[in-house]
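**Q** Before I ask anything, here is the structure I am working with.
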Amino acid sequence: MDLTIHPVGWISSSITDRNTAPKMEDEDGAVRAVIDIEPEYEAGLDGLSEGDWVELFTWFHESNRKTLKVHPRGKEDKPQRGVFSTRSPFRPNPVGLHRVRVMRIEGTRLEVEPLEAIDGTPVMDIKPFPKKWKGKLAELNEKE
């Protein structure tokens, strides 16, 4: 079994410090960011359009992979919980999930928003937002 993961791209963002980054894409401080897709994956962008909502799977490359319990949202007044019951970036396999809208596509460069990932974050995969969640998409579009 081969469990090797290779980034399909990299995030360029004005957010550079994970300690001050928003915890979720719907919080103040999330930004428009760029994803530079590796050239060998360009064909994988076929069918993706400006305005589409997608899910980005990233690798939290600065996370502590040995952490198994955290204070939710980093609030020490809350009791610790197991990482599998939180959205903490600290986890054995630090996979991030981000819901973003594709604002612009130029070749292998995507502009997306809102994104809370830090500059240099590897992108592991991109998937379309599930069609059965159309109501959620309408809600996201109304927030603009």
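Simple scheme: letters A, B, ... for chains in structure tokens order, numbers from 1 for residues in each chain, numbers from 1 for ligands in the order shown.
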Near Pro128 of chain A, within 7 Å and counting only C-alpha atoms, which residues show up once chain neighbours fewer than 4 positions away are dropped, as a ChimeraX atom specification?
**A** /A:53-55
**Q** Once you have the residues from the selection above, write them out as a compact mmCIF listing (two decimals), in the first residue's frame, restricted to N, CA, C and O atoms.
**A**
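Printed below is out-v8.txt as written:
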# COMPACT_ATOMS: atom_id res chain seq x y z
N TRP A 53 -17.62 26.89 -6.21
CA TRP A 53 -17.21 26.64 -4.83
C TRP A 53 -16.52 25.29 -4.79
O TRP A 53 -17.02 24.32 -5.38
N VAL A 54 -15.35 25.24 -4.15
CA VAL A 54 -14.59 23.99 -4.06
C VAL A 54 -14.13 23.77 -2.64
O VAL A 54 -14.14 24.69 -1.81
N GLU A 55 -13.72 22.55 -2.39
CA GLU A 55 -13.10 22.20 -1.11
C GLU A 55 -11.62 21.97 -1.38
O GLU A 55 -11.26 21.19 -2.26
**Q** Provide the atom CA of Val112 of chain A to atom CA of Leu3 of chain A distance in Å, to one decimal place.
**A**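 Computed distance, atom CA of Val112 of chain A to atom CA of Leu3 of chain A, equals 28.0 Å.
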**Q** Using only C-alpha atoms, what does the table of segment 92-132 of chain A residues within 9 Å of segment 58-73 of chain A look like, with each row giving the shortest atom pair and its distance in Å to one decimal, sorted by chain and ascending number, as JSON lines?
**A**
{"residue": "A:Pro92", "atom": "CA", "partner": "A:Arg65", "partner_atom": "CA", "distance": 4.4}
{"residue": "A:Asn93", "atom": "CA", "partner": "A:Arg65", "partner_atom": "CA", "distance": 6.6}
{"residue": "A:Pro94", "atom": "CA", "partner": "A:Phe60", "partner_atom": "CA", "distance": 5.2}
{"residue": "A:Val95", "atom": "CA", "partner": "A:Trp59", "partner_atom": "CA", "distance": 4.8}
{"residue": "A:Gly96", "atom": "CA", "partner": "A:Thr58", "partner_atom": "CA", "distance": 4.7}
{"residue": "A:Leu97", "atom": "CA", "partner": "A:Thr58", "partner_atom": "CA", "distance": 6.5}
{"residue": "A:His98", "atom": "CA", "partner": "A:Thr58", "partner_atom": "CA", "distance": 7.9}
{"residue": "A:Ala117", "atom": "CA", "partner": "A:Phe60", "partner_atom": "CA", "distance": 8.4}
{"residue": "A:Ile118", "atom": "CA", "partner": "A:Phe60", "partner_atom": "CA", "distance": 8.9}
{"residue": "A:Gly120", "atom": "CA", "partner": "A:His61", "partner_atom": "CA", "distance": 8.8}
{"residue": "A:Thr121", "atom": "CA", "partner": "A:Trp59", "partner_atom": "CA", "distance": 6.6}
{"residue": "A:Pro122", "atom": "CA", "partner": "A:Trp59", "partner_atom": "CA", "distance": 5.6}
{"residue": "A:Val123", "atom": "CA", "partner": "A:Thr58", "partner_atom": "CA", "distance": 4.4}
{"residue": "A:Met124", "atom": "CA", "partner": "A:Thr58", "partner_atom": "CA", "distance": 5.1}
{"residue": "A:Asp125", "atom": "CA", "partner": "A:Thr58", "partner_atom": "CA", "distance": 7.1}
{"residue": "A:Ile126", "atom": "CA", "partner": "A:Thr58", "partner_atom": "CA", "distance": 8.9}
**Q** Can you tell me, as a ChimeraX atom specification, what residues are no more than 12 Å from Glu40 of chain A when counting only C-alpha atoms, ignoring any on the same chain fewer than 6 positions away?
**A** /A:6-9,107-108
**Q** Using only N, CA and C atoms, please write the residues we just selected to a file, as a PDB file, in the first residue's frame.
**A**
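Done, and the output landed in selection_36.pdb:
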ATOM      1  N   HIS A   6       1.565  13.732  -2.679  1.00  0.00           N
ATOM      2  CA  HIS A   6       2.356  14.778  -3.322  1.00  0.00           C
ATOM      3  C   HIS A   6       1.488  16.018  -3.493  1.00  0.00           C
ATOM      4  N   PRO A   7       1.989  17.179  -3.111  1.00  0.00           N
ATOM      5  CA  PRO A   7       1.188  18.396  -3.300  1.00  0.00           C
ATOM      6  C   PRO A   7       0.876  18.629  -4.772  1.00  0.00           C
ATOM      7  N   VAL A   8      -0.350  19.082  -5.035  1.00  0.00           N
ATOM      8  CA  VAL A   8      -0.727  19.466  -6.399  1.00  0.00           C
ATOM      9  C   VAL A   8      -0.497  20.950  -6.609  1.00  0.00           C
ATOM     10  N   GLY A   9      -0.256  21.675  -5.519  1.00  0.00           N
ATOM     11  CA  GLY A   9      -0.020  23.104  -5.618  1.00  0.00           C
ATOM     12  C   GLY A   9       0.362  23.697  -4.273  1.00  0.00           C
ATOM     13  N   GLY A 107      -4.428  29.965 -16.373  1.00  0.00           N
ATOM     14  CA  GLY A 107      -3.522  28.836 -16.547  1.00  0.00           C
ATOM     15  C   GLY A 107      -3.562  27.929 -15.332  1.00  0.00           C
ATOM     16  N   THR A 108      -2.429  27.833 -14.640  1.00  0.00           N
ATOM     17  CA  THR A 108      -2.336  26.986 -13.442  1.00  0.00           C
ATOM     18  C   THR A 108      -2.449  27.799 -12.155  1.00  0.00           C
TER      19      THR A 108
END
**Q** From the options A:Asp119, A:Asp52, A:Glu38, A:Asp77, which residue's atoms come nearest to Lys131 of chain A, counting only C-alpha atoms?
**A**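 Comparing A:Asp119, A:Asp52, A:Glu38, A:Asp77 against Lys131 of chain A, the winner is A:Asp52.
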